Amino acid sequence: MRAESQADLDFFQREMAYSPARLSSVLRMSLSVALSALLLLILQEPPFLFAPSIFMLALISRETPRDCFKGLCTCVGFGSAGTLGAIALVAITENAPEARVLGVAVVTFLCGFLYRASTMPVAAISFASVYFMATSLWEKPLPAEPILHLSLWPLGTLSTVACCALVVEFLFNGADPVDRLDRELAERFRALEDMFSSPATHAADEHAHQHWAKVLQYAGEGPARMYLLLDQLPKDGDRVSPVAANLRDTAVAVTRLLDLGAAIAVNDGLVSTDPERVRRIGQALLAAREQRLNEIAAILGEPRSHITGELDQFEQTLHGMGHAPDATRVTPEGRAAKSGAPVLLPDAFTNLDYLVYALKLSICGTAVYVIFNALNWGGISNCYFTVLYAGLSTTGTTNKKLLFRIIGSGLGSLVVGIGCISLVFPHIETVTGFLLVVATVAFLGAWIACSPYFGYIGLQLSYAFNLLAFEGYSAATEITPARDRMLGILLGILVMLLVFHQVRPERTVDTMRRSLARLLRLHADLIRLVSAEESLEVSARVVELKAGIGQIRGAIHTFADGVQYEFEPDRTGDLKISAGILNAVSISADLLVSVQASIAATTQWPEGRLREFCLDMEKALRDLARTVDEMFCPGDEPQPEALRHGMERTEPKSVEKAIDCYRELQRLCQDIVSAPA
C-alpha cells in the first residue's frame, strides 16, 4: 500500500511538473480570462454566459496563434449557426414548448453524432452549447423582443472571449513555426547522434539500447509533425523563403536518416562496424544539426562509389545534405496531410456505435432539460452541460469524466468559490481586486488543465468558480448558487449513469478492440505504400497514415486509463483484456518498424523477395484485424508463404524480427478474442 501511494504521488507530481512552455500557456490563458471579464463588465453582457464561453476557449488548441485563430473561428462560426437555429425554431413554431424540447433533442443528437464521427468535435460542442443557451432564454416570462435581443448575447459573449484570446495569443505567443521545426529537427538529429555515439563494440550496453529505442520511436512516428509545421511556414503563393526551403529539405533528409537508422538498429548494423567510421558519422550528424552542412563532406571523406548496405546509404544521405538543391517550391506532403483530411470519419455512416451514442446523449440531454424546466429551477440548468461535456463514448471513460467533474466542480464551487464569497469578495472594493481573483483561479485551473490525465479537473474547477463569480455584475455574496450548481451536476450524472449503463452499454475494452483492428489495417496500408514506388502522392499518403496511426494509439491509451473506472464485476477481466490490447499495440509498433527497416535494407534482398514479403505481411495483418474485429478464433489457418517458411541467408536480420513480432501479435490477438466477455 505504501509503495502504491508513493507511486501515485510521483505520478501526480509528474503531471503537475513545471515547464517553461506550460507556464507561458497558463499565463496567456489567465490574461485572456481577465481581459474577457473586464470587457464583460464594461459591455454589461449577461454574466451567466461567461463561464460556458471560457470553457469553450479552453477546449481549443493554443500552441500557435494560427491554431488559436482556426479554433476560435470554428467555435464562433458554429456558435452562430446554433444561435440562428434557436431563433429560427422559435420563429417558425411561435415558441411552442414542445418544439423547444424537440429542438434540444435533435441538436443534442447531432452534436453526439458529430462528436464521435467527425474530425471537428469542438464544432459540435460549440453548436450545441450556444443553441442551448439561446433556447433557454425563451423559457423566461418576458416579451419576445427583449428575449430576441438576449438570444444574441451567447454569441456576443463567445465572440468577446474569442477576440480577447486572439489579441493575447498574437501579442505574447512567440511559438514561431520555424523555431518549433528547428527544435523538432534538432531532437531527431540528437537521437541519431546518441545512437552513433554508443560504442559499436558494446551493442548490449543498456544505454546503447536506449539510444537505439529513441531512433526507432521517431522512425515509427513518421514525419507527420514536421510536415504540419512545414505547412505553417510563411510563403508567398506556392513559394517559400530560402530559410523555409532549407528546413523543408532538412526535414526530408532527416526522415530518410531515421528510416535508415532504424534499419541499422534492428539489423545490429553497428556491432561489427569500424568505430572510427561510426565516430565520423556522429560528427557529421552534429554538423548537420548545427547547420554546418558545408563541413559534412570533409568529415566523412569521399563518398563511396559502391553502396552495399544501410550504413553506406546513411552516409550517402548525409553527403546529399551538403549538396541540397536551391529549389524553393513547397512540396505538397504537408498540405496533403492537413488539408486533405475529411470532415467525417470513413465509417461515419456505417458504424452503428456512433448513432447509438448520439441517441443516448440525446435522451440524457432532453431528460435533464425537461426536468429542470418542469421544476422551474433554473439554478440547476448546468445539468445539461454536464451531459454535453462529460458524455464520452464508453462506460469507463464516461465514469472517469463524471468523477473528475465532481472533483473539479467540488473544488471550484464548494472550496474555492464559497471560500472567495465568504472570505475574499467582502473585502474587495474595486474591479481590479475582483479581476485578480478571477485571473488567479484561472491560473490554477489552467495549470491543472495542462495535465493529460487530470486536465478535466482543472477545466471543471474554473468552470464551477466562474458560474458562481459571475452571477451578477458585482462580486457574489450568496452560497445558494453553489448548492444549485452541485445539484445540477449530480442530476446530470444520475441521468447519464442510468442511460449509459443500462441502454446498450459500450464497454471500454470493446472500443479498444475495434480500435486495435483499425490500427492493424492502417499498418497493412502503410506497408503496402512504403514498399511501392516513391512519388509525391505516396509520400503524402504515408504522412497521413502515420498521423492516423498516432491518433489511434493515443486513443487506445486514453481508453485504457478509463478501464479502471468500470464497475465490478467487469473491471477485473477488462483490465486483463486492456493490458493485452496495450501489449498488442506495442508489438504492432515494433513490427511496423522492423518491416520498414527491412524495406530500407534494399541491397540485402534477393530479386522479387521484398515485394513478396510485403504483400504477405500486409495480408497477414488484415487477417489479424478481421479476427479481432469479428471476434472469432482463426484456429490453425495456414499462414502466408513468407511467414511460414524459413528465411534465406541473404535477407536482412530485421525480417526475422518482423516475423517474430507478427507471431507474438497473433498470439496476443487470439488471447484477446478468446477472453471471456
# chains A, B, ... in the order shown; residues from 1 in each chain; ligands from 1

call {"tool": "residues_around", "arguments": {"residues": "Arg626 of chain A", "least_positions_apart": "4", "cutoff": "12 Å", "atoms": "only C-alpha atoms", "output": "list in words"}}
result
Arg513, Arg514, Ser515, Leu516, Ala517, Arg518, Leu519, Leu520, Arg521, Lys619, Ala620, Leu621, Arg622, Glu630, Met631, Phe632, Cys633, Pro634, Gln666, Cys669, Gln670 and Val673 of chain A

call {"tool": "write_last_selection", "arguments": {"atoms": "C-alpha atoms", "output": "PDB file, in the first residue's frame"}}
result
ATOM      1  CA  ARG A 513     -10.540  -3.928 -29.505  1.00  0.00           C
ATOM      2  CA  ARG A 514     -12.178  -2.257 -32.508  1.00  0.00           C
ATOM      3  CA  SER A 515      -9.532   0.465 -32.409  1.00  0.00           C
ATOM      4  CA  LEU A 516      -6.826  -2.220 -32.459  1.00  0.00           C
ATOM      5  CA  ALA A 517      -8.422  -3.723 -35.576  1.00  0.00           C
ATOM      6  CA  ARG A 518      -8.397  -0.319 -37.293  1.00  0.00           C
ATOM      7  CA  LEU A 519      -4.764   0.144 -36.246  1.00  0.00           C
ATOM      8  CA  LEU A 520      -3.746  -3.171 -37.815  1.00  0.00           C
ATOM      9  CA  ARG A 521      -5.498  -2.238 -41.061  1.00  0.00           C
ATOM     10  CA  LYS A 619      -2.350  -9.921 -45.902  1.00  0.00           C
ATOM     11  CA  ALA A 620      -1.380 -11.371 -42.519  1.00  0.00           C
ATOM     12  CA  LEU A 621      -2.147  -8.094 -40.740  1.00  0.00           C
ATOM     13  CA  ARG A 622      -5.514  -7.763 -42.486  1.00  0.00           C
ATOM     14  CA  GLU A 630     -15.249 -10.066 -35.837  1.00  0.00           C
ATOM     15  CA  MET A 631     -14.286 -11.855 -32.599  1.00  0.00           C
ATOM     16  CA  PHE A 632     -13.566 -15.343 -33.939  1.00  0.00           C
ATOM     17  CA  CYS A 633     -10.639 -17.649 -33.252  1.00  0.00           C
ATOM     18  CA  PRO A 634      -8.832 -18.444 -36.518  1.00  0.00           C
ATOM     19  CA  GLN A 666      -1.010 -13.231 -33.460  1.00  0.00           C
ATOM     20  CA  CYS A 669      -4.904 -11.246 -30.681  1.00  0.00           C
ATOM     21  CA  GLN A 670      -6.059 -14.823 -30.111  1.00  0.00           C
ATOM     22  CA  VAL A 673     -10.600 -12.787 -28.832  1.00  0.00           C
TER      23      VAL A 673
END

call {"tool": "residues_around", "arguments": {"residues": "segment 10-27 of chain A", "least_positions_apart": "3", "cutoff": "12 Å", "atoms": "only C-alpha atoms", "output": "VMD selection string"}}
result
chain A and resid 3 to 7 30 to 34 58 61 to 65 68 165 168 to 169 172 to 175 180 439 to 455 458

call {"tool": "write_last_selection", "arguments": {"atoms": "C-alpha atoms", "output": "JSON list (two decimals), in the first residue's frame"}}
result
[["chain", "number", "residue", "atom", "x", "y", "z"],
["A", 3, "ALA", "CA", 4.54, 1.65, -2.46],
["A", 4, "GLU", "CA", 1.30, 2.22, -4.39],
["A", 5, "SER", "CA", 0.70, 5.51, -2.58],
["A", 6, "GLN", "CA", 4.23, 6.67, -3.34],
["A", 7, "ALA", "CA", 3.80, 5.70, -7.00],
["A", 30, "SER", "CA", -5.11, 33.79, -17.28],
["A", 31, "LEU", "CA", -4.63, 37.08, -19.09],
["A", 32, "SER", "CA", -7.29, 36.13, -21.66],
["A", 33, "VAL", "CA", -9.79, 35.33, -18.90],
["A", 34, "ALA", "CA", -9.07, 38.58, -17.04],
["A", 58, "ALA", "CA", -10.12, 26.05, -23.01],
["A", 61, "SER", "CA", -5.51, 24.39, -29.30],
["A", 62, "ARG", "CA", -3.38, 27.44, -28.49],
["A", 63, "GLU", "CA", 0.04, 26.13, -29.48],
["A", 64, "THR", "CA", 0.39, 28.82, -32.13],
["A", 65, "PRO", "CA", -1.64, 31.97, -32.92],
["A", 68, "CYS", "CA", -5.90, 29.54, -31.89],
["A", 165, "ALA", "CA", -7.85, 35.35, -26.64],
["A", 168, "VAL", "CA", -3.28, 37.78, -26.23],
["A", 169, "GLU", "CA", -2.06, 34.93, -28.44],
["A", 172, "PHE", "CA", 2.50, 37.05, -26.39],
["A", 173, "ASN", "CA", 2.65, 33.65, -28.08],
["A", 174, "GLY", "CA", 6.09, 33.53, -29.67],
["A", 175, "ALA", "CA", 5.69, 29.98, -30.96],
["A", 180, "ARG", "CA", 9.43, 24.79, -33.47],
["A", 439, "ALA", "CA", -7.11, 35.54, -13.03],
["A", 440, "THR", "CA", -5.62, 33.63, -10.07],
["A", 441, "VAL", "CA", -8.30, 30.95, -10.19],
["A", 442, "ALA", "CA", -7.93, 30.80, -13.98],
["A", 443, "PHE", "CA", -4.18, 30.27, -13.49],
["A", 444, "LEU", "CA", -4.81, 27.39, -11.07],
["A", 445, "GLY", "CA", -7.38, 25.75, -13.31],
["A", 446, "ALA", "CA", -5.26, 26.17, -16.45],
["A", 447, "TRP", "CA", -2.20, 24.69, -14.73],
["A", 448, "ILE", "CA", -4.15, 21.55, -13.82],
["A", 449, "ALA", "CA", -5.78, 21.51, -17.27],
["A", 450, "CYS", "CA", -2.33, 21.12, -18.88],
["A", 451, "SER", "CA", -2.11, 17.64, -17.36],
["A", 452, "PRO", "CA", -3.00, 14.92, -19.87],
["A", 453, "TYR", "CA", -4.57, 12.80, -17.10],
["A", 454, "PHE", "CA", -6.04, 15.27, -14.58],
["A", 455, "GLY", "CA", -6.74, 18.05, -17.08],
["A", 458, "GLY", "CA", -8.78, 21.91, -13.94]]

call {"tool": "atom_distance", "arguments": {"atom1": "atom CA of Arg507 of chain A", "atom2": "atom CA of Gly562 of chain A"}}
result
10.2 Å

call {"tool": "select_by_dssp", "arguments": {"residues": "segment 411-562 of chain A", "states": "alpha helix (DSSP H)", "output": "ChimeraX atom specification"}}
result
/A:418-419,431-449,455-469,480-502,508-530,536-562

call {"tool": "residues_around", "arguments": {"residues": "Asn399 of chain A", "least_positions_apart": "2", "cutoff": "10 Å", "atoms": "only C-alpha atoms", "output": "PyMOL selection string"}}
result
chain A and resi 390-392+394-397+401-405+493+496-497+500-501+562-567

call {"tool": "write_last_selection", "arguments": {"atoms": "N, CA and C atoms", "output": "tab-separated table (two decimals), in the first residue's frame"}}
result
chain	number	residue	atom	x	y	z
A	390	ALA	N	-19.48	15.92	-20.41
A	390	ALA	CA	-18.94	14.72	-19.76
A	390	ALA	C	-19.35	13.44	-20.45
A	391	GLY	N	-20.23	13.52	-21.45
A	391	GLY	CA	-20.67	12.31	-22.13
A	391	GLY	C	-19.65	11.83	-23.13
A	392	LEU	N	-18.98	10.74	-22.81
A	392	LEU	CA	-17.99	10.16	-23.72
A	392	LEU	C	-18.52	8.86	-24.29
A	394	THR	N	-17.53	5.47	-24.02
A	394	THR	CA	-17.59	4.19	-23.32
A	394	THR	C	-17.96	4.40	-21.86
A	395	THR	N	-18.37	3.31	-21.23
A	395	THR	CA	-18.79	3.40	-19.84
A	395	THR	C	-17.64	3.79	-18.93
A	396	GLY	N	-16.45	3.22	-19.15
A	396	GLY	CA	-15.32	3.53	-18.29
A	396	GLY	C	-14.86	4.97	-18.41
A	397	THR	N	-14.71	5.45	-19.65
A	397	THR	CA	-14.27	6.83	-19.83
A	397	THR	C	-15.34	7.82	-19.36
A	401	LYS	N	-14.78	10.63	-16.45
A	401	LYS	CA	-15.03	12.05	-16.64
A	401	LYS	C	-16.08	12.56	-15.65
A	402	LEU	N	-17.07	11.75	-15.33
A	402	LEU	CA	-18.06	12.16	-14.34
A	402	LEU	C	-17.41	12.33	-12.97
A	403	LEU	N	-16.52	11.41	-12.61
A	403	LEU	CA	-15.83	11.52	-11.32
A	403	LEU	C	-14.97	12.78	-11.28
A	404	PHE	N	-14.24	13.03	-12.36
A	404	PHE	CA	-13.40	14.23	-12.39
A	404	PHE	C	-14.24	15.50	-12.41
A	405	ARG	N	-15.44	15.42	-13.00
A	405	ARG	CA	-16.32	16.59	-12.97
A	405	ARG	C	-16.78	16.88	-11.55
A	493	ILE	N	-25.30	13.68	-13.73
A	493	ILE	CA	-24.56	12.43	-13.52
A	493	ILE	C	-25.52	11.26	-13.32
A	496	MET	N	-27.13	10.27	-16.62
A	496	MET	CA	-26.16	9.64	-17.51
A	496	MET	C	-25.82	8.23	-17.06
A	497	LEU	N	-25.70	8.01	-15.74
A	497	LEU	CA	-25.41	6.67	-15.25
A	497	LEU	C	-26.55	5.72	-15.59
A	500	PHE	N	-26.44	5.52	-19.87
A	500	PHE	CA	-25.24	4.97	-20.50
A	500	PHE	C	-24.90	3.57	-19.99
A	501	HIS	N	-25.34	3.23	-18.77
A	501	HIS	CA	-25.03	1.90	-18.24
A	501	HIS	C	-26.15	0.90	-18.42
A	562	GLY	N	-9.37	4.59	-18.79
A	562	GLY	CA	-10.75	4.56	-18.32
A	562	GLY	C	-11.22	3.19	-17.89
A	563	VAL	N	-10.49	2.13	-18.23
A	563	VAL	CA	-10.94	0.79	-17.87
A	563	VAL	C	-11.01	0.61	-16.36
A	564	GLN	N	-10.07	1.22	-15.64
A	564	GLN	CA	-10.07	1.06	-14.19
A	564	GLN	C	-11.26	1.73	-13.52
A	565	TYR	N	-12.02	2.53	-14.27
A	565	TYR	CA	-13.21	3.18	-13.71
A	565	TYR	C	-14.49	2.42	-14.05
A	566	GLU	N	-14.35	1.25	-14.66
A	566	GLU	CA	-15.52	0.42	-14.89
A	566	GLU	C	-16.03	-0.13	-13.55
A	567	PHE	N	-17.30	-0.51	-13.53
A	567	PHE	CA	-17.88	-1.09	-12.33
A	567	PHE	C	-17.58	-2.58	-12.28

call {"tool": "atom_distance", "arguments": {"atom1": "atom CA of Leu148 of chain A", "atom2": "atom CA of Ala96 of chain A"}}
result
15.1 Å

call {"tool": "closest_residue", "arguments": {"among": "A:Asp8, A:Glu193, A:Glu139, A:Glu187", "to": "Pro97 of chain A", "atoms": "only C-alpha atoms"}}
result
A:Glu139

call {"tool": "atom_distance", "arguments": {"atom1": "atom CA of Pro146 of chain A", "atom2": "atom CA of Ala81 of chain A"}}
result
20.5 Å

call {"tool": "closest_residue", "arguments": {"among": "A:Leu545, A:Leu137, A:Leu150, A:Val161", "to": "Ser36 of chain A", "atoms": "only C-alpha atoms"}}
result
A:Val161

call {"tool": "residues_around", "arguments": {"residues": "Ala288 of chain A", "least_positions_apart": "5", "cutoff": "10 Å", "atoms": "only C-alpha atoms", "output": "PyMOL selection string"}}
result
chain A and resi 185-186+189+250+254+282-283+293-296+318+321-322

call {"tool": "residues_around", "arguments": {"residues": "Ala584 of chain A", "least_positions_apart": "4", "cutoff": "10 Å", "atoms": "only C-alpha atoms", "output": "number ranges by chain"}}
result
A: 516, 520, 578-580, 588-590, 661-662, 664-669, 672

call {"tool": "closest_residue", "arguments": {"among": "A:Thr432, A:Leu361, A:Thr317, A:Arg280", "to": "Ile299 of chain A", "atoms": "only C-alpha atoms"}}
result
A:Arg280
